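Data from structure38.txt: compact mmCIF, C-alpha atoms
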# COMPACT_ATOMS: atom_id res chain seq x y z
CA MET Y 1 32.67 23.45 -9.74
CA LYS Y 2 31.44 26.46 -11.71
CA GLU Y 3 31.36 24.38 -14.89
CA GLU Y 4 29.45 21.54 -13.15
CA ALA Y 5 26.87 23.94 -11.73
CA GLN Y 6 25.93 24.94 -15.28
CA ASN Y 7 24.59 21.43 -15.90
CA PRO Y 8 20.76 21.74 -15.48
CA ALA Y 9 20.65 18.63 -13.29
CA PHE Y 10 23.29 20.08 -10.99
CA ALA Y 11 21.42 23.39 -10.76
CA TYR Y 12 18.29 21.43 -9.82
CA ILE Y 13 20.23 19.60 -7.10
CA ALA Y 14 21.76 22.83 -5.77
CA GLY Y 15 18.30 24.42 -5.52
CA ARG Y 16 17.01 21.54 -3.40
CA ILE Y 17 20.08 20.51 -1.44
CA ASP Y 18 18.41 21.49 1.87
CA LYS Y 19 15.74 18.81 1.31
CA MET Y 20 18.50 16.16 1.05
CA LEU Y 21 16.36 13.76 -0.99
CA VAL Y 22 18.46 13.63 -4.17
CA PRO Y 23 21.79 13.35 -2.27
CA THR Y 24 20.29 10.50 -0.21
CA LEU Y 25 19.11 8.65 -3.32
CA LEU Y 26 22.49 9.16 -5.02
CA CYS Y 27 24.35 7.99 -1.92
CA ILE Y 28 22.27 4.81 -1.56
CA LEU Y 29 22.62 3.97 -5.26
CA ALA Y 30 26.39 4.60 -5.14
CA ASN Y 31 26.66 1.57 -2.85
CA LYS Y 32 24.54 -0.75 -4.97
CA PRO Y 33 21.67 -0.73 -7.47
CA ALA Y 34 18.18 -0.88 -5.98
CA HIS Y 35 14.55 -0.77 -7.05
CA GLY Y 36 12.11 1.97 -6.04
CA TYR Y 37 10.28 -0.06 -3.38
CA ARG Y 38 13.51 -0.69 -1.47
CA LEU Y 39 14.75 2.87 -2.06
CA ILE Y 40 11.62 4.26 -0.38
CA GLN Y 41 12.34 2.10 2.66
CA MET Y 42 16.05 2.98 2.72
CA VAL Y 43 15.47 6.75 2.36
CA ASN Y 44 13.05 6.62 5.31
CA GLU Y 45 15.37 4.46 7.38
CA SER Y 46 18.33 6.81 6.73
CA GLY Y 47 16.61 9.81 8.31
CA PHE Y 48 18.65 12.14 6.02
CA SER Y 49 15.81 13.45 3.88
CA GLU Y 50 13.76 16.44 5.02
CA ILE Y 51 10.98 15.36 2.65
CA GLU Y 52 8.61 12.53 3.48
CA ALA Y 53 9.62 9.72 1.13
CA ASP Y 54 6.23 8.71 -0.20
CA PRO Y 55 6.13 6.62 -3.39
CA ALA Y 56 4.95 9.49 -5.64
CA THR Y 57 7.85 11.72 -4.56
CA ILE Y 58 10.49 9.02 -4.87
CA TYR Y 59 9.40 7.76 -8.30
CA ARG Y 60 9.00 11.31 -9.65
CA ASN Y 61 12.56 12.09 -8.53
CA LEU Y 62 13.93 8.84 -9.96
CA ARG Y 63 12.31 9.55 -13.33
CA ARG Y 64 13.75 13.05 -13.34
CA MET Y 65 17.20 11.75 -12.35
CA GLU Y 66 17.00 9.28 -15.23
CA GLU Y 67 16.01 12.00 -17.70
CA ASP Y 68 18.99 14.03 -16.44
CA GLY Y 69 21.30 11.05 -16.97
CA LEU Y 70 22.16 10.58 -13.27
CA VAL Y 71 20.68 7.08 -13.01
CA ILE Y 72 20.04 4.25 -15.44
CA SER Y 73 17.06 1.95 -14.99
CA GLN Y 74 16.36 -1.48 -16.33
CA TRP Y 75 13.91 -4.27 -15.61
CA GLU Y 76 15.40 -7.25 -13.76
CA THR Y 77 14.63 -9.98 -16.25
CA GLU Y 78 17.25 -12.64 -15.52
CA ASN Y 79 15.32 -14.76 -13.05
CA THR Y 80 11.79 -16.12 -12.87
CA GLY Y 81 9.28 -14.63 -10.42
CA PRO Y 82 8.69 -10.96 -9.74
CA ALA Y 83 10.62 -8.39 -11.82
CA ARG Y 84 11.09 -4.79 -10.77
CA ARG Y 85 12.69 -1.78 -12.41
CA ALA Y 86 16.17 -1.47 -10.86
CA TYR Y 87 18.11 1.79 -10.74
CA GLN Y 88 21.88 2.22 -10.81
CA LEU Y 89 24.12 5.26 -10.72
CA SER Y 90 25.70 6.47 -13.99
CA CYS Y 91 29.11 8.17 -14.24
CA GLU Y 92 27.28 11.49 -14.20
CA GLY Y 93 25.38 10.33 -11.12
CA HIS Y 94 28.70 9.73 -9.32
CA GLN Y 95 29.78 13.26 -10.31
CA ALA Y 96 26.45 14.59 -9.01
CA LEU Y 97 27.06 12.83 -5.70
CA ASP Y 98 30.53 14.45 -5.45
CA TYR Y 99 28.87 17.80 -6.19
CA CYS Y 100 26.30 17.16 -3.41
CA VAL Y 101 29.08 16.31 -0.95
CA GLN Y 102 30.84 19.56 -1.77
CA LEU Y 103 27.62 21.60 -1.36
CA ILE Y 104 26.87 19.89 1.96
CA ASN Y 105 30.44 20.38 3.13
CA ASP Y 106 30.29 24.12 2.33
CA LYS Y 107 27.01 24.34 4.20
CA VAL Y 108 28.39 22.47 7.23
CA ILE Y 109 31.38 24.85 7.36
CA ARG Y 110 29.06 27.89 7.27
CA MET Y 111 26.77 26.43 9.93
CA GLN Y 112 29.72 25.49 12.11
CA ALA Y 113 31.02 29.08 11.81
CA PHE Y 114 27.56 30.35 12.80
CA LEU Y 115 27.47 28.10 15.88
CA GLU Y 116 30.98 29.09 16.92
CA GLN Y 117 30.13 32.78 16.62
CA TYR Y 118 26.93 32.27 18.59
CA GLN Y 119 28.79 30.44 21.34
CA ARG Y 120 31.54 33.09 21.47
CA GLU Y 121 28.99 35.90 21.73
CA GLY Y 122 27.05 33.94 24.34
CA LYS Y 123 30.16 33.64 26.53
CA GLU Y 124 31.02 37.32 26.10
CA SER Y 125 27.56 38.62 27.04
CA MET F 1 -9.28 -14.75 -46.20
CA SER F 2 -6.65 -12.75 -44.27
CA HIS F 3 -5.86 -13.80 -40.73
CA GLN F 4 -6.23 -10.89 -38.30
CA PRO F 5 -3.79 -11.11 -35.35
CA THR F 6 -5.60 -11.22 -32.02
CA LEU F 7 -4.41 -10.04 -28.61
CA LYS F 8 -6.49 -11.21 -25.66
CA ILE F 9 -6.07 -9.15 -22.50
CA LEU F 10 -7.60 -10.07 -19.15
CA HIS F 11 -7.16 -7.34 -16.56
CA ALA F 12 -8.19 -6.03 -13.17
CA GLY F 13 -11.14 -3.64 -13.47
CA ALA F 14 -9.06 -0.94 -11.81
CA LEU F 15 -6.63 -1.04 -14.75
CA ARG F 16 -9.32 -0.48 -17.36
CA LYS F 17 -8.31 3.00 -18.48
CA PRO F 18 -4.52 2.51 -18.76
CA VAL F 19 -5.01 -0.85 -20.51
CA VAL F 20 -7.47 0.71 -22.97
CA GLU F 21 -5.08 3.63 -23.64
CA CYS F 22 -2.12 1.30 -24.26
CA ALA F 23 -4.28 -0.91 -26.48
CA LYS F 24 -5.20 2.17 -28.55
CA LEU F 25 -1.51 3.06 -28.93
CA LEU F 26 -0.66 -0.47 -30.05
CA ASN F 27 -3.55 -0.39 -32.49
CA GLU F 28 -2.28 2.86 -33.96
CA ALA F 29 1.22 1.43 -34.35
CA ARG F 30 0.00 -1.87 -35.86
CA SER F 31 -3.23 -1.49 -37.74
CA GLY F 32 -5.45 -4.50 -38.30
CA LEU F 33 -5.13 -5.90 -34.80
CA ASP F 34 -8.05 -7.47 -33.01
CA ILE F 35 -7.55 -6.53 -29.34
CA GLN F 36 -10.02 -8.22 -27.02
CA LEU F 37 -10.27 -6.76 -23.51
CA GLU F 38 -12.00 -8.37 -20.57
CA SER F 39 -11.98 -7.33 -16.93
CA CYS F 40 -13.06 -8.60 -13.53
CA GLY F 41 -11.74 -8.70 -9.98
CA SER F 42 -8.10 -9.83 -10.00
CA ARG F 43 -8.65 -13.00 -7.96
CA ALA F 44 -11.45 -13.92 -10.34
CA CYS F 45 -9.09 -13.20 -13.31
CA ALA F 46 -6.42 -15.50 -11.87
CA ARG F 47 -8.96 -18.25 -11.18
CA GLN F 48 -10.27 -18.06 -14.77
CA VAL F 49 -6.73 -18.65 -16.08
CA ARG F 50 -6.32 -21.58 -13.68
CA GLU F 51 -9.60 -22.99 -14.97
CA GLY F 52 -8.39 -22.96 -18.57
CA LYS F 53 -9.04 -19.49 -19.95
CA VAL F 54 -6.33 -18.64 -22.47
CA VAL F 55 -5.15 -15.01 -22.65
CA ASP F 56 -2.05 -13.26 -23.97
CA ILE F 57 -1.78 -10.62 -21.25
CA LEU F 58 -2.83 -10.84 -17.62
CA ALA F 59 -2.70 -7.59 -15.59
CA LEU F 60 -3.63 -7.90 -11.92
CA ALA F 61 -4.08 -5.62 -8.93
CA ASP F 62 -1.87 -7.73 -6.64
CA PRO F 63 1.49 -9.33 -7.61
CA MET F 64 1.01 -11.92 -4.88
CA LEU F 65 -1.72 -13.58 -6.98
CA PHE F 66 0.83 -14.71 -9.56
CA ASP F 67 2.70 -16.72 -6.91
CA GLU F 68 -0.35 -17.75 -4.92
CA LEU F 69 -2.66 -18.90 -7.73
CA LEU F 70 -0.69 -19.11 -10.99
CA GLY F 71 2.97 -19.89 -10.50
CA PRO F 72 4.82 -21.74 -11.78
CA GLU F 73 2.35 -23.68 -14.00
CA TYR F 74 0.70 -20.71 -15.72
CA VAL F 75 3.07 -17.78 -15.17
CA ASP F 76 6.77 -17.89 -14.38
CA LYS F 77 7.61 -14.19 -14.66
CA TYR F 78 5.65 -11.05 -13.84
CA TYR F 79 6.46 -7.35 -13.80
CA ILE F 80 5.50 -5.18 -10.84
CA PHE F 81 4.81 -1.87 -12.52
CA ALA F 82 2.77 0.55 -10.37
CA ASN F 83 1.65 1.53 -6.90
CA ASP F 84 -1.63 2.92 -5.54
CA GLN F 85 -3.57 3.57 -2.33
CA ILE F 86 -7.04 3.01 -0.89
CA VAL F 87 -9.17 6.14 -0.53
CA LEU F 88 -12.75 6.76 0.54
CA ALA F 89 -14.73 7.76 -2.56
CA TYR F 90 -17.93 9.80 -2.49
CA ASN F 91 -20.01 12.19 -4.60
CA GLU F 92 -21.23 15.71 -4.00
CA PHE F 93 -24.56 14.47 -2.62
CA SER F 94 -23.17 11.73 -0.33
CA ARG F 95 -24.71 12.07 3.11
CA GLY F 96 -22.27 13.61 5.60
CA SER F 97 -19.72 14.50 2.92
CA GLY F 98 -19.66 18.14 4.02
CA GLU F 99 -18.27 17.08 7.40
CA ILE F 100 -16.04 14.16 6.48
CA ASP F 101 -12.33 14.34 7.29
CA ALA F 102 -9.39 12.02 7.94
CA LYS F 103 -10.04 12.00 11.71
CA HIS F 104 -13.76 11.19 11.80
CA TRP F 105 -14.69 9.41 8.56
CA PHE F 106 -15.71 6.22 10.37
CA ASP F 107 -18.18 8.09 12.62
CA ILE F 108 -19.94 9.37 9.51
CA LEU F 109 -19.94 5.94 7.84
CA LEU F 110 -21.51 4.42 10.95
CA ARG F 111 -24.48 6.82 10.90
CA GLU F 112 -27.72 4.96 10.33
CA GLU F 113 -28.72 6.82 7.14
CA VAL F 114 -25.30 6.47 5.44
CA THR F 115 -24.48 3.63 3.00
CA PHE F 116 -20.99 2.45 2.04
CA GLY F 117 -19.65 -0.44 0.02
CA ARG F 118 -16.59 -2.51 -0.64
CA SER F 119 -15.66 -5.24 -3.07
CA ASN F 120 -15.67 -8.97 -2.37
CA GLN F 121 -12.37 -10.11 -0.82
CA HIS F 122 -12.56 -13.51 -2.51
CA LEU F 123 -12.83 -11.98 -6.00
CA ASP F 124 -11.04 -8.65 -5.80
CA PRO F 125 -7.87 -7.50 -3.97
CA CYS F 126 -9.57 -4.15 -3.28
CA GLY F 127 -11.98 -6.16 -1.09
CA TYR F 128 -9.34 -7.75 1.15
CA ARG F 129 -7.35 -4.54 1.18
CA THR F 130 -10.44 -2.69 2.45
CA LEU F 131 -10.74 -5.18 5.31
CA MET F 132 -7.05 -4.56 6.07
CA VAL F 133 -7.64 -0.80 6.02
CA TRP F 134 -10.42 -1.23 8.59
CA GLN F 135 -8.16 -3.34 10.84
CA LEU F 136 -5.35 -0.79 10.58
CA ALA F 137 -7.81 2.05 11.24
CA GLU F 138 -8.98 0.35 14.44
CA GLN F 139 -5.39 0.38 15.68
CA TYR F 140 -4.33 3.77 14.24
CA TYR F 141 -7.30 5.67 15.68
CA GLY F 142 -7.35 3.65 18.94
CA ARG F 143 -10.99 2.61 18.42
CA PRO F 144 -11.42 -0.98 19.68
CA GLY F 145 -14.21 -2.74 17.81
CA LEU F 146 -14.14 -0.39 14.80
CA PHE F 147 -13.40 -3.22 12.34
CA GLY F 148 -16.40 -5.21 13.59
CA GLN F 149 -18.70 -2.18 13.43
CA LEU F 150 -17.73 -1.35 9.83
CA ASP F 151 -17.93 -5.01 8.83
CA GLN F 152 -21.39 -5.34 10.38
CA ARG F 153 -22.68 -2.32 8.44
CA CYS F 154 -21.23 -3.39 5.07
CA ARG F 155 -22.95 -6.68 4.21
CA GLY F 156 -24.96 -8.34 1.44
CA ASP F 157 -25.66 -6.06 -1.53
CA LEU F 158 -23.06 -3.59 -0.30
CA ILE F 159 -20.31 -6.09 -1.22
CA TYR F 160 -19.59 -5.89 -4.97
CA PRO F 161 -17.76 -8.34 -7.27
CA LYS F 162 -15.26 -5.70 -8.37
CA SER F 163 -14.20 -2.26 -7.26
CA TYR F 164 -14.91 -0.69 -10.66
CA ASP F 165 -18.69 -1.33 -10.27
CA LEU F 166 -18.56 0.13 -6.78
CA ALA F 167 -17.22 3.43 -8.14
CA SER F 168 -19.92 3.49 -10.77
CA ASP F 169 -22.64 3.19 -8.09
CA VAL F 170 -21.08 6.00 -6.04
CA LEU F 171 -21.11 8.14 -9.17
CA VAL F 172 -24.84 7.64 -9.74
CA GLY F 173 -25.68 8.03 -6.05
CA LYS F 174 -26.69 4.42 -5.27
CA LEU F 175 -24.00 4.42 -2.58
CA ASP F 176 -22.81 7.32 -0.41
CA TYR F 177 -19.25 6.04 0.00
CA ALA F 178 -16.94 3.27 -1.23
CA PHE F 179 -13.42 2.10 -0.43
CA GLU F 180 -11.58 2.38 -3.73
CA TYR F 181 -8.21 2.63 -5.41
CA LEU F 182 -7.22 6.22 -6.11
CA CYS F 183 -6.74 5.37 -9.81
CA VAL F 184 -10.37 4.21 -10.09
CA VAL F 185 -11.61 7.33 -8.31
CA ASN F 186 -9.64 9.44 -10.81
CA GLN F 187 -11.04 7.48 -13.75
CA PHE F 188 -14.59 8.25 -12.55
CA GLY F 189 -13.87 11.82 -11.47
CA LEU F 190 -15.21 11.11 -7.96
CA ARG F 191 -14.47 13.11 -4.84
CA TYR F 192 -12.38 11.31 -2.26
CA LEU F 193 -10.88 11.43 1.20
CA THR F 194 -7.20 10.52 1.55
CA LEU F 195 -6.66 8.20 4.49
CA PRO F 196 -3.51 8.35 6.70
CA GLU F 197 -0.46 6.65 5.16
CA LYS F 198 -0.32 4.10 7.98
CA VAL F 199 -3.84 3.03 7.02
CA ASN F 200 -4.08 3.42 3.22
CA LEU F 201 -1.56 0.68 2.24
CA SER F 202 0.37 3.04 -0.04
CA ASN F 203 3.87 3.34 1.35
CA PRO F 204 6.58 0.62 1.45
CA ALA F 205 8.12 2.57 4.36
CA HIS F 206 5.19 1.27 6.46
CA ALA F 207 5.29 -2.31 5.14
CA ASP F 208 5.96 -3.75 8.62
CA TYR F 209 3.04 -1.79 10.08
CA TYR F 210 0.69 -3.02 7.33
CA LYS F 211 1.69 -6.63 8.13
CA GLN F 212 -0.22 -6.38 11.41
CA SER F 213 -3.43 -6.72 9.40
CA SER F 214 -4.46 -9.95 7.70
CA VAL F 215 -7.39 -11.54 5.89
CA SER F 216 -8.34 -15.20 5.32
CA LEU F 217 -9.18 -16.15 1.74
CA GLN F 218 -10.00 -19.19 -0.33
CA GLY F 219 -6.73 -20.79 -1.50
CA ARG F 220 -5.73 -22.60 -4.69
CA ASN F 221 -8.08 -25.51 -4.21
CA SER F 222 -11.67 -25.47 -3.03
CA GLY F 223 -11.81 -25.81 0.73
CA ASP F 224 -8.26 -24.48 1.21
CA MET F 225 -7.97 -21.28 3.20
CA ILE F 226 -4.93 -19.02 3.28
CA THR F 227 -4.16 -15.97 5.41
CA ILE F 228 -2.57 -13.03 3.65
CA PRO F 229 -0.89 -10.15 5.50
CA GLY F 230 -1.30 -6.48 4.64
CA ALA F 231 1.23 -5.04 2.19
CA PRO F 232 1.72 -1.92 0.06
CA ILE F 233 -0.62 -1.88 -2.96
CA GLU F 234 1.09 -2.80 -6.23
CA PHE F 235 -0.03 -3.88 -9.70
CA ALA F 236 1.66 -6.49 -11.91
CA ILE F 237 1.47 -7.76 -15.49
CA ALA F 238 2.52 -11.02 -17.18
CA ILE F 239 2.40 -13.06 -20.35
CA PRO F 240 0.95 -16.45 -19.37
CA LYS F 241 2.95 -19.49 -20.51
CA ASN F 242 0.07 -20.67 -22.69
CA ALA F 243 -0.43 -17.32 -24.49
CA GLU F 244 -1.44 -17.88 -28.13
CA ASN F 245 0.27 -14.73 -29.36
CA PRO F 246 3.35 -14.16 -27.17
CA VAL F 247 5.11 -11.89 -29.70
CA LEU F 248 2.23 -9.43 -29.80
CA ALA F 249 1.81 -9.80 -26.03
CA LYS F 250 5.48 -8.81 -25.58
CA GLU F 251 4.87 -5.68 -27.67
CA PHE F 252 1.95 -4.74 -25.43
CA LEU F 253 3.91 -5.47 -22.25
CA ASP F 254 6.90 -3.41 -23.47
CA LEU F 255 4.51 -0.55 -24.20
CA MET F 256 2.98 -0.68 -20.70
CA LEU F 257 6.47 -0.62 -19.16
CA SER F 258 7.85 2.09 -21.48
CA LYS F 259 8.09 5.84 -20.84
CA LYS F 260 4.84 6.29 -22.79
CA GLY F 261 3.20 3.63 -20.64
CA GLN F 262 4.50 5.34 -17.48
CA GLN F 263 2.89 8.60 -18.62
CA ILE F 264 -0.43 6.85 -19.29
CA LEU F 265 -0.34 5.19 -15.87
CA GLU F 266 0.43 8.51 -14.19
CA ASP F 267 -2.37 10.25 -16.11
CA CYS F 268 -4.72 7.54 -14.81
CA GLY F 269 -3.74 8.26 -11.20
CA LEU F 270 -1.30 5.38 -10.64
CA ILE F 271 2.33 5.78 -9.57
CA PRO F 272 4.34 4.07 -12.32
CA TYR F 273 7.60 2.25 -11.54

Starting from the file, lay out its structure as structure tokens.
Amino acid sequence: MKEEAQNPAFAYIAGRIDKMLVPTLLCILANKPAHGYRLIQMVNESGFSEIEADPATIYRNLRRMEEDGLVISQWETENTGPARRAYQLSCEGHQALDYCVQLINDKVIRMQAFLEQYQREGKES
Amino acid sequence: MSHQPTLKILHAGALRKPVVECAKLLNEARSGLDIQLESCGSRACARQVREGKVVDILALADPMLFDELLGPEYVDKYYIFANDQIVLAYNEFSRGSGEIDAKHWFDILLREEVTFGRSNQHLDPCGYRTLMVWQLAEQYYGRPGLFGQLDQRCRGDLIYPKSYDLASDVLVGKLDYAFEYLCVVNQFGLRYLTLPEKVNLSNPAHADYYKQSSVSLQGRNSGDMITIPGAPIEFAIAIPKNAENPVLAKEFLDLMLSKKGQQILEDCGLIPY
């Protein structure tokens, strides 16, 4: 974990884990590739992200994730009709998702401990 | 006599700056090119191609136009490359601009002394999108009759062939306000009011909400009418099937869709895909 956290992309994720936007994008893309338009809808439908998923925010994050090697994008050019830039998770993106899960898990454990202590103290007082 | 390669680009007025910037880049990379740029409202662009105009690149302000007016005879593939929103543009001397905000903009527009414009819905997607914005505003703000009031006040000379000219008239003070794309407002350095997301047609998360609005337009053939529903604002680009220089067109298209192109689009106020 210590070694992974030294990766600049992972440090960026750790600094913004509370916002839950990058973990949500990684989690959606782990299931199947998607284009930005659909990702905006899916992030909003999920209710996981603390940030409003407007197009500027989502595309800025996707571009950064691509620069960091977490996602790969390519234009869908196989069929006729409308083509969109589709994003898929890279191997490093899967590792980043595992890292997010661990960070979230640690946070859940700490929050659970907080709630338990609060409830214990509430009963005692 | 040497033959100078020519690239003919027909584009939505709103895309003027990014198209010009990409054309400059291509010119730098391949000297000796003759790049011919022409712009008008996107519906008018699509109709010109249908009526026989031959271009190498067609960049429009609504992807739907490729299916509705051009596919599959003229275009069989198009790339949806950017997103934008409708804002209310004004200048520092626009009447009521000191008081305007996202809750009361329509009250200021409806004042007798205030003028505001929009583009023609039959020529320019910004025109039908403005009508959709007014319909959505009527619902969002709970103001029955608001669409009709705005429509009644914005008639005749206040309806322009393309949104780019509208911005120019706001800049010189001929109009107090105009409904514009954010990218055009940025290109002109105008002031603007951001409208609520459920009204400004920017966010795919509200696509179902936007669908409640609709506008009737002339269809493919004269006399045909079609009704189009509201949708998030997107821009698209294609190489028509009858392009005279498809190789050069592909170079331009690749440039628009590249990282450099994305940066140019972002610098021009668009959200690149």

*Find the residues in chain Y near chain F: any atom within 9 Å counts, using all atoms listed in the file. Write them as a list in words.*
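Result: His35, Gly36, Tyr37, Arg38, Ile40, Gln41, Met42, Val43, Asn44, Glu45, Ala53, Asp54, Pro55, Ala56, Tyr59, Arg60, Arg63, Trp75, Glu76, Thr77, Asn79, Thr80, Gly81, Pro82, Ala83, Arg84 and Arg85 of chain Y.
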
May I have the protein, DNA and RNA residues with an atom at most 9 Å from (25.5, 8.3, -17.4), counting only C-alpha atoms in the file's coordinates, returned as a PDB file with C-alpha atoms, in the coordinates of the input?
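The result, written out as out-v2.pdb:
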ATOM      1  CA  GLU Y  66      17.000   9.280 -15.230  1.00  0.00           C
ATOM      2  CA  ASP Y  68      18.990  14.030 -16.440  1.00  0.00           C
ATOM      3  CA  GLY Y  69      21.300  11.050 -16.970  1.00  0.00           C
ATOM      4  CA  LEU Y  70      22.160  10.580 -13.270  1.00  0.00           C
ATOM      5  CA  VAL Y  71      20.680   7.080 -13.010  1.00  0.00           C
ATOM      6  CA  ILE Y  72      20.040   4.250 -15.440  1.00  0.00           C
ATOM      7  CA  LEU Y  89      24.120   5.260 -10.720  1.00  0.00           C
ATOM      8  CA  SER Y  90      25.700   6.470 -13.990  1.00  0.00           C
ATOM      9  CA  CYS Y  91      29.110   8.170 -14.240  1.00  0.00           C
ATOM     10  CA  GLU Y  92      27.280  11.490 -14.200  1.00  0.00           C
ATOM     11  CA  GLY Y  93      25.380  10.330 -11.120  1.00  0.00           C
ATOM     12  CA  HIS Y  94      28.700   9.730  -9.320  1.00  0.00           C
TER      13      HIS Y  94
END

*Enter the distance from atom CA of Gly173 of chain F to atom CA of Ile159 of chain F, in Å, rounded to one decimal.*
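Here the two named atoms are 15.9 Å from each other.
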
May I have the residues within 9 Å of segment 217-228 of chain F as a PDB file with C-alpha atoms, in the frame of the given file, using all atoms listed in the file and disregarding those fewer than 4 positions away in the same chain?
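So part30.pdb came out as:
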ATOM      1  CA  ARG F  47      -8.960 -18.250 -11.180  1.00  0.00           C
ATOM      2  CA  GLU F  68      -0.350 -17.750  -4.920  1.00  0.00           C
ATOM      3  CA  LEU F  69      -2.660 -18.900  -7.730  1.00  0.00           C
ATOM      4  CA  LEU F  70      -0.690 -19.110 -10.990  1.00  0.00           C
ATOM      5  CA  GLN F 121     -12.370 -10.110  -0.820  1.00  0.00           C
ATOM      6  CA  HIS F 122     -12.560 -13.510  -2.510  1.00  0.00           C
ATOM      7  CA  TYR F 128      -9.340  -7.750   1.150  1.00  0.00           C
ATOM      8  CA  LYS F 211       1.690  -6.630   8.130  1.00  0.00           C
ATOM      9  CA  SER F 213      -3.430  -6.720   9.400  1.00  0.00           C
TER      10      SER F 213
END

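Note that atom CA of Tyr140 of chain F and atom CA of Asp157 of chain F are 28.3 Å apart.
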
*Expressed in Å to a single decimal, how great is the separation between atom CA of Ile57 of chain F and atom CA of Lys250 of chain F?*
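Between atom CA of Ile57 of chain F and atom CA of Lys250 of chain F the gap is 8.6 Å.
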
*asked:* Just checking: using all atoms listed in the file, which residue out of F:Pro240, F:Gly13, F:Gly156, F:Pro196 ends up closest to Tyr181 of chain F?
replied: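 Closest candidate: F:Gly13.
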
*With only C-alpha atoms as the atoms that count, which of Y:Ala86, Y:Ala14, Y:Met65, Y:Ile51 lies nearest to Pro33 of chain Y?*
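Result for the nearest residue to Pro33 of chain Y: Y:Ala86.
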
Can I get a file of segment 61-112 of chain F from the given structure, C-alpha atoms kept, as a PDB file, in the first residue's frame?
ATOM      1  CA  ALA F  61     -23.892  22.610 -33.374  1.00  0.00           C
ATOM      2  CA  ASP F  62     -26.297  19.665 -33.106  1.00  0.00           C
ATOM      3  CA  PRO F  63     -25.451  15.993 -33.876  1.00  0.00           C
ATOM      4  CA  MET F  64     -29.119  15.322 -34.556  1.00  0.00           C
ATOM      5  CA  LEU F  65     -28.843  17.286 -37.824  1.00  0.00           C
ATOM      6  CA  PHE F  66     -26.613  14.610 -39.343  1.00  0.00           C
ATOM      7  CA  ASP F  67     -29.357  11.999 -38.915  1.00  0.00           C
ATOM      8  CA  GLU F  68     -32.269  14.323 -39.552  1.00  0.00           C
ATOM      9  CA  LEU F  69     -31.049  16.128 -42.673  1.00  0.00           C
ATOM     10  CA  LEU F  70     -27.944  14.380 -44.024  1.00  0.00           C
ATOM     11  CA  GLY F  71     -27.840  10.677 -43.263  1.00  0.00           C
ATOM     12  CA  PRO F  72     -27.222   8.319 -44.854  1.00  0.00           C
ATOM     13  CA  GLU F  73     -26.920   9.946 -48.326  1.00  0.00           C
ATOM     14  CA  TYR F  74     -24.420  12.683 -47.438  1.00  0.00           C
ATOM     15  CA  VAL F  75     -22.870  11.604 -44.132  1.00  0.00           C
ATOM     16  CA  ASP F  76     -22.679   8.116 -42.668  1.00  0.00           C
ATOM     17  CA  LYS F  77     -20.431   8.789 -39.681  1.00  0.00           C
ATOM     18  CA  TYR F  78     -20.063  11.765 -37.363  1.00  0.00           C
ATOM     19  CA  TYR F  79     -18.084  12.448 -34.211  1.00  0.00           C
ATOM     20  CA  ILE F  80     -19.728  14.041 -31.184  1.00  0.00           C
ATOM     21  CA  PHE F  81     -16.874  16.029 -29.718  1.00  0.00           C
ATOM     22  CA  ALA F  82     -17.994  18.747 -27.270  1.00  0.00           C
ATOM     23  CA  ASN F  83     -20.688  20.009 -24.945  1.00  0.00           C
ATOM     24  CA  ASP F  84     -21.945  23.508 -24.112  1.00  0.00           C
ATOM     25  CA  GLN F  85     -24.795  25.402 -22.434  1.00  0.00           C
ATOM     26  CA  ILE F  86     -27.119  28.324 -23.133  1.00  0.00           C
ATOM     27  CA  VAL F  87     -26.406  31.474 -21.131  1.00  0.00           C
ATOM     28  CA  LEU F  88     -27.876  34.969 -21.139  1.00  0.00           C
ATOM     29  CA  ALA F  89     -25.273  37.317 -22.655  1.00  0.00           C
ATOM     30  CA  TYR F  90     -25.112  41.043 -21.982  1.00  0.00           C
ATOM     31  CA  ASN F  91     -22.688  43.981 -21.890  1.00  0.00           C
ATOM     32  CA  GLU F  92     -21.767  46.429 -19.179  1.00  0.00           C
ATOM     33  CA  PHE F  93     -24.346  48.964 -20.400  1.00  0.00           C
ATOM     34  CA  SER F  94     -27.259  46.528 -20.876  1.00  0.00           C
ATOM     35  CA  ARG F  95     -30.354  47.925 -19.198  1.00  0.00           C
ATOM     36  CA  GLY F  96     -31.083  46.159 -15.900  1.00  0.00           C
ATOM     37  CA  SER F  97     -27.779  44.272 -15.893  1.00  0.00           C
ATOM     38  CA  GLY F  98     -26.908  45.578 -12.435  1.00  0.00           C
ATOM     39  CA  GLU F  99     -29.911  43.741 -10.994  1.00  0.00           C
ATOM     40  CA  ILE F 100     -30.027  40.596 -13.115  1.00  0.00           C
ATOM     41  CA  ASP F 101     -29.711  37.209 -11.410  1.00  0.00           C
ATOM     42  CA  ALA F 102     -30.673  33.581 -11.982  1.00  0.00           C
ATOM     43  CA  LYS F 103     -33.999  34.009 -10.130  1.00  0.00           C
ATOM     44  CA  HIS F 104     -35.382  37.121 -11.840  1.00  0.00           C
ATOM     45  CA  TRP F 105     -33.769  37.425 -15.282  1.00  0.00           C
ATOM     46  CA  PHE F 106     -37.091  37.057 -17.091  1.00  0.00           C
ATOM     47  CA  ASP F 107     -38.667  39.957 -15.153  1.00  0.00           C
ATOM     48  CA  ILE F 108     -35.861  42.210 -16.379  1.00  0.00           C
ATOM     49  CA  LEU F 109     -36.142  40.963 -19.972  1.00  0.00           C
ATOM     50  CA  LEU F 110     -39.874  41.690 -19.941  1.00  0.00           C
ATOM     51  CA  ARG F 111     -39.390  45.349 -18.985  1.00  0.00           C
ATOM     52  CA  GLU F 112     -40.611  47.647 -21.723  1.00  0.00           C
TER      53      GLU F 112
END
